[in-house]
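Visitor: Have a look at the structure that comes next, please.
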6 protein chains.
Amino acid sequence: MESSTVQSTRKIKRTQTGIVGLDEALNGGMPESTICVVSGGPGSGKTMLSCEFLYKGAVQFNETGIYVSLGERRDDFFQNALNFGWDFAALEKKGQFGFVDLSYESLVNFWISPQGNDYTYESEVNEGIQQTNPLNSEGSYYTIYQNFINQVMDMIKTLDAKRVVIDPINSLTLIFPSDFHRRREFLRIFNILRESKCTTLLLSELAEDKRFTVEEFIASGVIRLSYKNSRDIMSRRLVIQKMRGTPFNEKILSMRITTNGIELIGETLGFE
Amino acid sequence: MESSTVQSTRKIKRTQTGIVGLDEALNGGMPESTICVVSGGPGSGKTMLSCEFLYKGAVQFNETGIYVSLGERRDDFFQNALNFGWDFAALEKKGQFGFVDLSYESLVNFWISPQGNDYTYESEVNEGIQQTNPLNSEGSYYTIYQNFINQVMDMIKTLDAKRVVIDPINSLTLIFPSDFHRRREFLRIFNILRESKCTTLLLSELAEDKRFTVEEFIASGVIRLSYKNSRDIMSRRLVIQKMRGTPFNEKILSMRITTNGIELIGETLGFE
Amino acid sequence: MESSTVQSTRKIKRTQTGIVGLDEALNGGMPESTICVVSGGPGSGKTMLSCEFLYKGAVQFNETGIYVSLGERRDDFFQNALNFGWDFAALEKKGQFGFVDLSYESLVNFWISPQGNDYTYESEVNEGIQQTNPLNSEGSYYTIYQNFINQVMDMIKTLDAKRVVIDPINSLTLIFPSDFHRRREFLRIFNILRESKCTTLLLSELAEDKRFTVEEFIASGVIRLSYKNSRDIMSRRLVIQKMRGTPFNEKILSMRITTNGIELIGETLGFE
Amino acid sequence: MESSTVQSTRKIKRTQTGIVGLDEALNGGMPESTICVVSGGPGSGKTMLSCEFLYKGAVQFNETGIYVSLGERRDDFFQNALNFGWDFAALEKKGQFGFVDLSYESLVNFWISPQGNDYTYESEVNEGIQQTNPLNSEGSYYTIYQNFINQVMDMIKTLDAKRVVIDPINSLTLIFPSDFHRRREFLRIFNILRESKCTTLLLSELAEDKRFTVEEFIASGVIRLSYKNSRDIMSRRLVIQKMRGTPFNEKILSMRITTNGIELIGETLGFE
Amino acid sequence: MESSTVQSTRKIKRTQTGIVGLDEALNGGMPESTICVVSGGPGSGKTMLSCEFLYKGAVQFNETGIYVSLGERRDDFFQNALNFGWDFAALEKKGQFGFVDLSYESLVNFWISPQGNDYTYESEVNEGIQQTNPLNSEGSYYTIYQNFINQVMDMIKTLDAKRVVIDPINSLTLIFPSDFHRRREFLRIFNILRESKCTTLLLSELAEDKRFTVEEFIASGVIRLSYKNSRDIMSRRLVIQKMRGTPFNEKILSMRITTNGIELIGETLGFE
Amino acid sequence: MESSTVQSTRKIKRTQTGIVGLDEALNGGMPESTICVVSGGPGSGKTMLSCEFLYKGAVQFNETGIYVSLGERRDDFFQNALNFGWDFAALEKKGQFGFVDLSYESLVNFWISPQGNDYTYESEVNEGIQQTNPLNSEGSYYTIYQNFINQVMDMIKTLDAKRVVIDPINSLTLIFPSDFHRRREFLRIFNILRESKCTTLLLSELAEDKRFTVEEFIASGVIRLSYKNSRDIMSRRLVIQKMRGTPFNEKILSMRITTNGIELIGETLGFE
């Protein structure tokens with residue numbers, strides 16, 4: 001690589017992850033406004049990577065971040081992060097962190113019942129379920145999805161956030177009635193997030209590690225994590241599958257989870 | 001790993017399994033309130049592991065446990081456990097164990113017929129079966145699922161239980177009309193169980209060992225068991241795929257079933 | 001394994017198979033009332049194993065057995081068994097064997113036409129076939145399945161049978177309109193058979209040898225047979241995948257079919 | 001194997017195939033009345049094996065055979081066989097062979113149009129196609145299938161045939177509206193053929209060689225042929241997967257097609 | 001192989017392909033009237049092989065051929081062939097070649113709109129699409145398919161053609177409403193082509209190279225081409241999977257595309 | 001290869017890609033009017049290859065190109081290209097480049113709402129979604145697809161473009177109601193593009209690298225890119241799967257992404 005072009009690429013604004021070895025592998029960090037899918041199986045470290053991204057963002061780089069939970073409860077999130085010494089409650093008080101709670105308690109009110117009470121279940125019983133996806137029978141997924149976007153964007157504006165994590169996007173995928181809608185709606189939210197200048201991690205639960213998802217194709221970055229049997233040993237791996245706008249390390253990187261967070265291991269973590 | 005952080009993680013409340021080698025591999029046990037999916041094929045040792053978890057819980061750690069059976073009959077459960085010297089009948093008398101019987105005899109009354117008689121079959125005959133899942137045609141799965149949750153929570157409160165086993169969750173999965181409901185309802189019961197401070201094992205029948213299920217993604221712990229042909233020898237393995245809130249041994253562990261229960265084998269079972 | 005616990009497990013009542021090597025591998029036989037799925041491809045030896053189980057049961061252990069055929073004709077069954085010197089006709093006369101004929105001639109009358117005549121076909125022609133599974137269009141599978149259970153239980157009571165073979169359960173599976181019914185109805189018949197104290201073999205045709213079926217998960221025993229290409233040689237294998245209530249040999253066992261029946265081969269067939 | 005039992009099995013009536021090496025591998029031939037599925041991919045030799053079975057049957061063993069074609073035309077069958085020096089036309093004149101023509105010309109009249117004219121197509125156009133399988137929309141597959149059975153049985157009785165080939169059974173499979181009907185109807189025709197004392201080969205087109213079909217499970221014999229890439233060399237194999245009522249060679253046998261017909265190759269072709 | 005029988009097979013009429021090495025591998029060529037499926041992935045050489053078959057047929061063996069295009073445009077066909085020095089335009093003028101244009105421009109008029117104008121699209125818009133396959137909603141595929149057959153047969157008769165190529169048959173497959181129709185209609189056209197004494201190549205696009213198609217089973221010949229990664233090198237292979245009525249080379253043959261056409265490479269290309 | 005024929009093939013008009021090594025591998029470039037599918041997973045380099053194709057086309061070969069975006073936003077496209085020193089904005093001003101914006105903002109107006117306002121969502125809510133693909137319920141995909149073609153062709157004519165990139169064609173695929181339409185409509189647009197004499201790259205997102213798509217079969221060229229784990233190292237590969245009208249390098253080519261663009265690496269990149 002010629003030094004002149006490297007310099008030109010170094011001029012772009014970057015979002016540093018703060019994760020040991022990852023910024024080196026990204027040639028300094030993700031380009032600002034990157035939408036990056038982080039995918040992997042259960043226990044592969046997706047949530048931990050995104051927590052560290054938000055915590056280091058606030059503490060080391062003074063960038064406010066928000067965590068949009070489509071599954072985990074607020075209390076569990078804060079408690080699990082504490083195990084690594086990451087005190088998000090303290091950050092929240094200082095206005096450096098926001099938690100958008102779309103976990104079950106809120107989902108049941110928000111997604112299904114605009115009235116916010118438990119009787120939606122009863123109404124399902126009375127009306128019967130005519131279609132596999134209840135959203136279809138209630139008219140459209142659109143109201144729900146638009147509300148989701150509004151909540152996320154409101155929090156971003158309120159806190160002037162620069163970093164966003166949505167965990168997991170599979171919960172969103174379930175509300176789209178077809179692949180056509182899935183592609184269209186992900187393109188829409190990706191563009192909204194890019195215009196906000198936020199660097200975003202989208203966590204994706206990956207049932208198998210061979211197929212790619214539509215989100216991975218339309219995102220500007222893809223990082224794949226794995227934790228699995230490799231020659232009778234369980235091992236952790238991280239691969240940068242795609243990162244638009246920057247050179248990056250194209251090797252398969254070994255990953256370790258310590259009580260301080262994630263470490264990428266290797267002699268040369270920088271791109272070559 | 002630095003000793004200071006290890007100490008901090010040791011301060012969390014843990015639920016010891018009492019299984020030889022497993023608590024070492026979990027750095028002292030599962031964090032309290034963990035929802036852990038235990039998955040594997042037939043004969044992989046799921047039920048045995050959960051029995052030992054409940055029995056040792058009562059006898060060694062003085063914690064009451066309940067077993068929610070969605071398949072096996074009460075008598076069979078007690079008899080099979082006796083083969084390992086685990087006398088759950090004695091524990092039950094002392095209030096240290098509860099058996100929630102959602103096996104066939106109760107299912108046929110509970111799931112299908114709110115009136116509790118056998119004529120539900122007849123009514124199916126008369127009315128015909130309009131849809132693949134009969135629950136759809138009867139209005140909704142909601143009444144059934146809510147009753148299931150109520151029964152489990154009542155037993156937990158009555159006995160002040162700290163440990164719960166649900167065996168198998170596949171029976172639940174069959175009553176959900178879509179993947180959307182499956183994710184939503186598992187998130188709901190997971191939260192209810194966490195709030196009760198119970199440490200819970202969810203047994204999952206795994207037809208193939210490659211794909212992950214939605215339950216494994218949303219649970220805080222995943223343990224995978226296997227009993228299968230590996231280089232022309234049948235062997236037992238245990239892998240901790242995920243365990244939030246604690247370091248754990250990331251190796252593939254050999255497992256043996258003796259007449260005393262389960263043993264994990266290996267030189268260093270603790271995390272590293 | 002400690003000798004004290006081994007002794008305790010030896011006290012349970014066992015059903016010896018009489019098959020060379022199999023009882024050793026089962027630590028003395030299957031626990032009484034075991035429901036054991038025997039699965040394998042065509043030619044793997046399922047029917048032969050179950051014949052020998054019934055014949056040896058009557059001749060060596062004085063236990064009456066019944067064979068519930070959901071496919072093979074009565075005459076073919078008796079003739080094929082004779083090739084191995086097993087004279088079931090003689091046993092039948094002495095009241096030591098019963099054949100429940102649910103083969104085609106009876107199925108066509110029993111399953112489809114309660115009136116017991118061939119005109120059901122004609123009625124199908126006249127009415128047309130509205131659904132893939134004709135049982136659905138006739139109201140319910142329930143009448144058929146309940147009649148099946150009644151016939152089996154009547155024969156068990158009449159002969160005071162201790163051993164039951166149902167061959168193959170795939171024929172039953174085809175009449176269930178959903179996986180929900182399949183699990184529920186197998187749980188029901190399993191419990192009925194257990195209460196009758198019969199030890200039962202359920203023969204299962206296995207199209208592929210990788211996936212497990214719901215019957216294998218809910219049964220108390222699973223034995224898998226194979227006859228296939230292994231490194232360019234056809235070989236027979238038997239694996240005990242699961243057997244509740246007893247220790248068993250966890251090795252892959254070589255199997256041979258001789259004119260005397262089945263032989264398991266190996267230096268140490270007992271459990272270890 | 002003890003010699004006494006071998007002698008007893010030799011007493012059964014056998015149908016010799018006349019194919020070089022196959023009768024040895026079958027310990028003298030197939031037991032009379034065997035229904036044997038011969039399965040394999042295109043070019044694996046199914047049709048050739050069945051032609052030789054019929055030709056040698058007539059010439060060497062004086063047994064009349066019939067070929068039921070569900071695809072190939074009469075002229076093509078006779079011509080292809082002539083390449084191997086097998087003159088079926090001569091046999092037919094002597095009453096030693098019968099060809100049941102259910103190839104396209106007859107199918108189009110027989111299956112679709114009872115009136116025997118081309119206007120059935122027009123009527124499809126006018127009425128539209130309401131369902132994927134046209135047989136459903138015309139009432140039932142039953143009339144067609146019963147006519148098929150009648151034609152086959154009439155030819156068997158007329159010629160006093162002892163050998164039957166049906167090529168391919170996949171054409172039949174397509175007319176059954178469900179797996180339930182497929183199992184039931186194959187059980188029915190298998191029993192009718194057994195009662196006629198005919199030894200029957202059912203040719204089955206096998207898209208993949210891993211899965212077993214229901215016909216292979218319910219037949220009394222299964223022979224699998226393959227012609228495929230094995231370590232970068234195309235090779236022909238024959239495996240006897242199942243043969244009730246006789247010991248047989250359980251090895252993978254090499255197969256060669258010469259201008260004289262099929263040859264199985266190997267030092268010891270007999271059973272061991 | 002004995003020389004006497006080889007001589008007898010040499011007497012059959014053969015259609016020489018003119019392709020270097022292929023006629024040797026076919027023991028002199030395909031038997032006259034063979035219907036041969038040529039299948040493979042994109043770039044495997046199917047179209048080139050069939051072009052050479054037609055061109056050499058006209059120039060070397062004085063046999064007129066026709067190319068039935070169900071995709072490629074007339075101009076592209078002529079241009080691509082010119083790259084190999086094959087001037088089909090010159091042959092067409094001499095009456096030695098015919099191009100049946102069922103490419104898009106003709107398809108859109110012929111298949112969808114009997115009126116031959118673009119407004120069929122509009123009518124789809126107005127009427128809506130009730131079914132996945134528009135042919136169903138317009139009554140029947142029959143008119144379309146019969147017109148296709150008529151066009152092909154008219155060209156054959158007009159030119160007294162001896163060679164036919166249909167490229168690709170996948171376009172036909174898409175118009176059949178079920179597997180039942182697919183088998184029936186391919187049997188019908190195969191018989192029509194055989195009666196015309198034409199030797200026919202049917203080009204089949206093969207998405208994967210493992211499964212066989214129904215056309216491969218009912219054709220009298222199958223040639224499979226591949227161009228793919230084999231041990232990290234791209235290589236071309238040709239395998240004769242089936243060829244009724246002649247011995248053939250059963251080896252995997254290496255294939256090379258030169259600017260003169262196709263070459264099969266190997267020391268002994270003849271059958272053995 | 002004989003030199004005379006090589007000369008004749010060199011006479012065809014070629015479109016040079018300008019990519020280091022690719023034109024050599026293509027024997028001088030793609031034949032003019034080639035429709036070439038470029039397929040690969042996320043991060044495999046599809047978009048970069050097509051950008052370089054357009055940029056070098058304008059700068060080095062003075063051929064105007066257009067980029068039809070069915071996903072990426074205009075700004076992102078220009079920005080990402082700038083990282084490699086490719087200034088498309090400057091080209092656009094000079095009339096050497098055109099960007100057809102069918103990204104989300106335009107899609108939402110164009111595809112769904114002919115009125116061009118956001119209320120289409122609302123109307124979906126009010127009317128409900130009756131079918132999986134909303135295009136079906138609105139009458140037909142035809143209007144949308146025809147508008148797409150018109151926009152592309154207008155830009156081609158306006159700029160007298162010689163190079164076209166459509167990224168990705170998967171977005172188109174989602175609007176076709178069946179495989180029948182998919183084949184028909186791709187044949188239609190392919191012919192329109194060929195008549196315009198444009199050389200076209202169609203970018204295809206490939207979920208798995210084993211199956212071929214219908215577009216790859218009907219295109220005149222196919223280039224497959226991969227970026228994946230090969231023996232525990234991530235590596236980039238480029239394979240020319242098909243290229244009508246020219247000899248090409250049939251090897252698996254190593255590919256590198258530098259800050260100057262794509263480089264194919266190897267000693268002999270030319271065809272042999």
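All residue names refer to the structure tokens as shown: chains lettered A, B, ... in order, residues numbered from 1 in each chain, ligands numbered from 1 in order.
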Leaving out region 16-24 of chain C and any residue of its chain fewer than 5 positions from it, which residues lie within 9 Å of it when counting only C-alpha atoms, given as a list of chain:residue names?

Guide: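 Residues near the query, excluding close chain neighbours: C:Gly29, C:Met30, C:Pro31, C:Leu49, C:Ser50, C:Glu52, C:Phe53, C:Leu54, C:Tyr55, C:Lys56, C:Gly57, C:Gln60, C:Phe61, C:Phe248, C:Asn249, C:Gly261, C:Ile262, C:Glu263, C:Leu264, C:Ile265, C:Gly266, C:Thr268, C:Leu269, C:Gly270, C:Phe271.
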
Visitor: Could you name the residues that touch Leu159 (chain B) at 8 Å or less, counting only C-alpha atoms, but leaving out those on the same chain fewer than 2 positions away, as a JSON list (two decimals) with all heavy atoms, in the first residue's frame?

Guide:
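Below you can see part-v3.json, which holds the result:
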```json
[["chain", "number", "residue", "atom", "x", "y", "z"],
["B", 64, "THR", "N", -34.63, -25.26, 48.25],
["B", 64, "THR", "CA", -35.76, -26.02, 47.72],
["B", 64, "THR", "C", -35.83, -25.87, 46.20],
["B", 64, "THR", "O", -35.56, -24.79, 45.66],
["B", 64, "THR", "CB", -37.06, -25.50, 48.35],
["B", 64, "THR", "OG1", -36.98, -25.75, 49.76],
["B", 64, "THR", "CG2", -38.30, -26.20, 47.78],
["B", 95, "GLY", "N", -40.82, -30.75, 52.44],
["B", 95, "GLY", "CA", -41.05, -29.42, 51.84],
["B", 95, "GLY", "C", -39.85, -28.88, 51.09],
["B", 95, "GLY", "O", -39.77, -27.69, 50.79],
["B", 96, "GLN", "N", -38.91, -29.76, 50.76],
["B", 96, "GLN", "CA", -37.72, -29.31, 50.04],
["B", 96, "GLN", "C", -37.78, -29.57, 48.54],
["B", 96, "GLN", "O", -36.81, -29.36, 47.82],
["B", 96, "GLN", "CB", -36.48, -30.01, 50.63],
["B", 96, "GLN", "CG", -36.13, -29.55, 52.02],
["B", 96, "GLN", "CD", -34.83, -30.16, 52.49],
["B", 96, "GLN", "OE1", -34.69, -31.38, 52.54],
["B", 96, "GLN", "NE2", -33.86, -29.31, 52.80],
["B", 97, "PHE", "N", -38.91, -30.10, 48.09],
["B", 97, "PHE", "CA", -39.04, -30.43, 46.67],
["B", 97, "PHE", "C", -40.50, -30.36, 46.27],
["B", 97, "PHE", "O", -41.38, -30.71, 47.05],
["B", 97, "PHE", "CB", -38.50, -31.83, 46.38],
["B", 97, "PHE", "CG", -38.69, -32.27, 44.96],
["B", 97, "PHE", "CD1", -37.93, -31.70, 43.95],
["B", 97, "PHE", "CD2", -39.64, -33.23, 44.63],
["B", 97, "PHE", "CE1", -38.12, -32.10, 42.63],
["B", 97, "PHE", "CE2", -39.82, -33.63, 43.31],
["B", 97, "PHE", "CZ", -39.06, -33.07, 42.32],
["B", 98, "GLY", "N", -40.74, -29.90, 45.06],
["B", 98, "GLY", "CA", -42.09, -29.89, 44.52],
["B", 98, "GLY", "C", -42.11, -30.40, 43.10],
["B", 98, "GLY", "O", -41.20, -30.10, 42.32],
["B", 155, "MET", "N", -46.29, -22.76, 42.81],
["B", 155, "MET", "CA", -45.44, -23.75, 43.49],
["B", 155, "MET", "C", -44.17, -23.09, 44.02],
["B", 155, "MET", "O", -43.72, -23.39, 45.13],
["B", 155, "MET", "CB", -45.09, -24.88, 42.52],
["B", 155, "MET", "CG", -44.26, -26.00, 43.13],
["B", 155, "MET", "SD", -45.19, -26.99, 44.35],
["B", 155, "MET", "CE", -45.74, -28.36, 43.31],
["B", 156, "ILE", "N", -43.60, -22.19, 43.22],
["B", 156, "ILE", "CA", -42.39, -21.49, 43.67],
["B", 156, "ILE", "C", -42.67, -20.71, 44.96],
["B", 156, "ILE", "O", -41.92, -20.79, 45.94],
["B", 156, "ILE", "CB", -41.88, -20.53, 42.57],
["B", 156, "ILE", "CG1", -41.28, -21.32, 41.41],
["B", 156, "ILE", "CG2", -40.84, -19.55, 43.13],
["B", 156, "ILE", "CD1", -40.88, -20.49, 40.20],
["B", 157, "LYS", "N", -43.80, -19.99, 44.97],
["B", 157, "LYS", "CA", -44.12, -19.18, 46.16],
["B", 157, "LYS", "C", -44.45, -20.05, 47.35],
["B", 157, "LYS", "O", -44.00, -19.80, 48.47],
["B", 157, "LYS", "CB", -45.29, -18.25, 45.84],
["B", 157, "LYS", "CG", -44.88, -17.04, 44.99],
["B", 157, "LYS", "CD", -46.08, -16.24, 44.52],
["B", 157, "LYS", "CE", -45.67, -15.32, 43.36],
["B", 157, "LYS", "NZ", -46.83, -15.01, 42.49],
["B", 161, "ALA", "N", -39.18, -21.72, 46.61],
["B", 161, "ALA", "CA", -38.16, -22.46, 45.86],
["B", 161, "ALA", "C", -37.09, -21.52, 45.31],
["B", 161, "ALA", "O", -37.35, -20.35, 45.02],
["B", 161, "ALA", "CB", -38.81, -23.24, 44.72]]
```

Visitor: Would you give me, as a PyMOL selection string, the residues in region 128-258 of chain A that DSSP reads as alpha helix (DSSP H)?

Guide: chain A and resi 134-137+142-159+170-173+179-195+214-218

Visitor: Give me a file of those residues, with N, CA and C atoms, as a short mmCIF file (atom, residue, chain, number, x, y, z; two decimals), in the first residue's frame.

Guide:
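Here's the written file selection-v8.cif:
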```
data_model
loop_
_atom_site.label_atom_id
_atom_site.label_comp_id
_atom_site.auth_asym_id
_atom_site.auth_seq_id
_atom_site.Cartn_x
_atom_site.Cartn_y
_atom_site.Cartn_z
N PRO A 134 -49.16 -12.14 14.14
CA PRO A 134 -50.32 -11.37 14.61
C PRO A 134 -50.31 -9.95 14.08
N LEU A 135 -49.12 -9.48 13.72
CA LEU A 135 -49.05 -8.10 13.24
C LEU A 135 -49.85 -7.94 11.96
N ASN A 136 -49.87 -8.97 11.16
CA ASN A 136 -50.65 -8.91 9.93
C ASN A 136 -52.12 -8.69 10.24
N SER A 137 -52.61 -9.43 11.23
CA SER A 137 -54.03 -9.38 11.48
C SER A 137 -54.44 -8.07 12.14
N TYR A 142 -46.42 -1.36 10.41
CA TYR A 142 -45.83 -0.05 10.21
C TYR A 142 -45.87 0.83 11.47
N THR A 143 -47.03 0.86 12.15
CA THR A 143 -47.15 1.68 13.35
C THR A 143 -46.09 1.28 14.38
N ILE A 144 -45.95 -0.02 14.57
CA ILE A 144 -44.99 -0.52 15.55
C ILE A 144 -43.57 -0.11 15.17
N TYR A 145 -43.24 -0.33 13.91
CA TYR A 145 -41.87 -0.07 13.47
C TYR A 145 -41.57 1.43 13.53
N GLN A 146 -42.54 2.24 13.14
CA GLN A 146 -42.33 3.69 13.18
C GLN A 146 -42.15 4.17 14.62
N ASN A 147 -42.94 3.60 15.53
CA ASN A 147 -42.77 3.96 16.94
C ASN A 147 -41.37 3.58 17.44
N PHE A 148 -40.92 2.40 17.04
CA PHE A 148 -39.57 1.97 17.40
C PHE A 148 -38.53 2.99 16.92
N ILE A 149 -38.64 3.37 15.65
CA ILE A 149 -37.68 4.34 15.11
C ILE A 149 -37.77 5.67 15.88
N ASN A 150 -38.98 6.09 16.14
CA ASN A 150 -39.15 7.35 16.86
C ASN A 150 -38.48 7.32 18.24
N GLN A 151 -38.69 6.25 18.96
CA GLN A 151 -38.09 6.14 20.30
C GLN A 151 -36.57 6.21 20.23
N VAL A 152 -36.01 5.47 19.25
CA VAL A 152 -34.56 5.46 19.12
C VAL A 152 -34.05 6.86 18.75
N MET A 153 -34.69 7.50 17.79
CA MET A 153 -34.21 8.81 17.33
C MET A 153 -34.39 9.89 18.41
N ASP A 154 -35.48 9.77 19.17
CA ASP A 154 -35.69 10.73 20.27
C ASP A 154 -34.54 10.64 21.27
N MET A 155 -34.17 9.43 21.64
CA MET A 155 -33.09 9.25 22.61
C MET A 155 -31.77 9.78 22.04
N ILE A 156 -31.52 9.50 20.75
CA ILE A 156 -30.28 9.98 20.12
C ILE A 156 -30.22 11.52 20.19
N LYS A 157 -31.35 12.17 19.85
CA LYS A 157 -31.36 13.64 19.86
C LYS A 157 -31.25 14.19 21.28
N THR A 158 -31.99 13.60 22.20
CA THR A 158 -31.98 14.08 23.58
C THR A 158 -30.56 14.07 24.16
N LEU A 159 -29.83 12.96 23.90
CA LEU A 159 -28.51 12.81 24.51
C LEU A 159 -27.38 13.26 23.59
N ASN A 170 -32.86 -9.48 15.34
CA ASN A 170 -33.77 -10.57 15.01
C ASN A 170 -35.18 -10.29 15.50
N SER A 171 -35.31 -9.57 16.61
CA SER A 171 -36.64 -9.22 17.10
C SER A 171 -37.37 -8.34 16.10
N LEU A 172 -36.63 -7.46 15.45
CA LEU A 172 -37.24 -6.63 14.41
C LEU A 172 -37.64 -7.48 13.21
N THR A 173 -36.72 -8.35 12.83
CA THR A 173 -36.96 -9.17 11.65
C THR A 173 -38.29 -9.91 11.73
N ASP A 179 -39.71 -10.80 2.98
CA ASP A 179 -38.33 -10.40 2.71
C ASP A 179 -38.27 -9.04 2.03
N PHE A 180 -39.30 -8.76 1.25
CA PHE A 180 -39.38 -7.46 0.60
C PHE A 180 -39.41 -6.34 1.64
N HIS A 181 -40.29 -6.49 2.64
CA HIS A 181 -40.34 -5.48 3.69
C HIS A 181 -39.05 -5.44 4.51
N ARG A 182 -38.49 -6.60 4.75
CA ARG A 182 -37.27 -6.66 5.56
C ARG A 182 -36.15 -5.83 4.94
N ARG A 183 -35.95 -6.01 3.65
CA ARG A 183 -34.90 -5.25 2.98
C ARG A 183 -35.25 -3.76 2.96
N ARG A 184 -36.51 -3.44 2.64
CA ARG A 184 -36.91 -2.04 2.54
C ARG A 184 -36.77 -1.33 3.88
N GLU A 185 -37.23 -1.96 4.95
CA GLU A 185 -37.23 -1.28 6.24
C GLU A 185 -35.83 -1.18 6.83
N PHE A 186 -34.98 -2.17 6.59
CA PHE A 186 -33.61 -2.03 7.08
C PHE A 186 -32.88 -0.93 6.31
N LEU A 187 -33.14 -0.84 5.01
CA LEU A 187 -32.54 0.28 4.26
C LEU A 187 -33.00 1.61 4.85
N ARG A 188 -34.26 1.71 5.22
CA ARG A 188 -34.79 2.96 5.75
C ARG A 188 -34.10 3.33 7.07
N ILE A 189 -34.06 2.40 8.02
CA ILE A 189 -33.48 2.76 9.32
C ILE A 189 -31.97 2.98 9.19
N PHE A 190 -31.32 2.25 8.29
CA PHE A 190 -29.88 2.47 8.09
C PHE A 190 -29.63 3.91 7.65
N ASN A 191 -30.44 4.38 6.75
CA ASN A 191 -30.24 5.74 6.26
C ASN A 191 -30.52 6.78 7.34
N ILE A 192 -31.55 6.53 8.14
CA ILE A 192 -31.85 7.46 9.23
C ILE A 192 -30.68 7.53 10.21
N LEU A 193 -30.13 6.35 10.54
CA LEU A 193 -29.01 6.32 11.48
C LEU A 193 -27.77 7.00 10.89
N ARG A 194 -27.53 6.79 9.61
CA ARG A 194 -26.36 7.42 8.99
C ARG A 194 -26.48 8.94 9.01
N GLU A 195 -27.69 9.42 8.73
CA GLU A 195 -27.88 10.87 8.73
C GLU A 195 -27.67 11.47 10.10
N VAL A 214 -29.59 -10.60 4.86
CA VAL A 214 -29.74 -9.40 4.06
C VAL A 214 -29.14 -8.20 4.80
N GLU A 215 -29.23 -8.18 6.13
CA GLU A 215 -28.66 -7.07 6.89
C GLU A 215 -27.15 -6.99 6.69
N GLU A 216 -26.50 -8.15 6.61
CA GLU A 216 -25.05 -8.14 6.42
C GLU A 216 -24.68 -7.59 5.04
N PHE A 217 -25.54 -7.82 4.06
CA PHE A 217 -25.25 -7.29 2.72
C PHE A 217 -25.42 -5.78 2.66
N ILE A 218 -26.45 -5.25 3.33
CA ILE A 218 -26.71 -3.82 3.16
C ILE A 218 -25.99 -2.97 4.20
#
```

Visitor: Separation of CA of Gly28 (chain D) and CA of Arg14 (chain D), in Å?

Guide: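 These two atoms are separated by 6.9 Å.
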
Visitor: From a DSSP pass on the backbone, collect the residues of region 121-234 of chain D flagged as strand (DSSP E) and hand them back as a CSV table (one decimal) with C-alpha atoms, in the first residue's frame.

Guide:
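Printed below is part.csv as written:
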```csv
chain,number,residue,atom,x,y,z
D,163,ARG,CA,-41.6,-62.8,-12.3
D,164,VAL,CA,-42.8,-59.2,-12.4
D,165,VAL,CA,-40.9,-55.9,-13.0
D,166,ILE,CA,-42.5,-52.5,-12.4
D,167,ASP,CA,-40.4,-49.7,-13.8
D,199,THR,CA,-41.2,-62.5,-7.3
D,200,THR,CA,-41.2,-58.8,-8.1
D,201,LEU,CA,-38.6,-56.1,-8.8
D,202,LEU,CA,-39.8,-52.6,-8.2
D,203,LEU,CA,-37.4,-50.1,-9.9
D,204,SER,CA,-37.0,-46.9,-7.9
D,205,GLU,CA,-35.4,-43.7,-9.2
D,221,GLY,CA,-35.9,-57.0,-0.3
D,222,VAL,CA,-33.8,-53.9,-1.2
D,223,ILE,CA,-31.0,-53.8,-3.7
D,224,ARG,CA,-29.2,-50.5,-4.2
D,225,LEU,CA,-27.2,-49.7,-7.3
D,226,SER,CA,-24.8,-46.8,-7.7
D,227,TYR,CA,-22.7,-45.4,-10.5
D,228,LYS,CA,-20.8,-42.4,-9.3
D,229,ASN,CA,-17.6,-40.6,-8.6
D,230,SER,CA,-15.6,-42.4,-5.9
D,233,ILE,CA,-13.1,-42.6,-10.6
D,234,MET,CA,-16.6,-43.5,-11.7
```
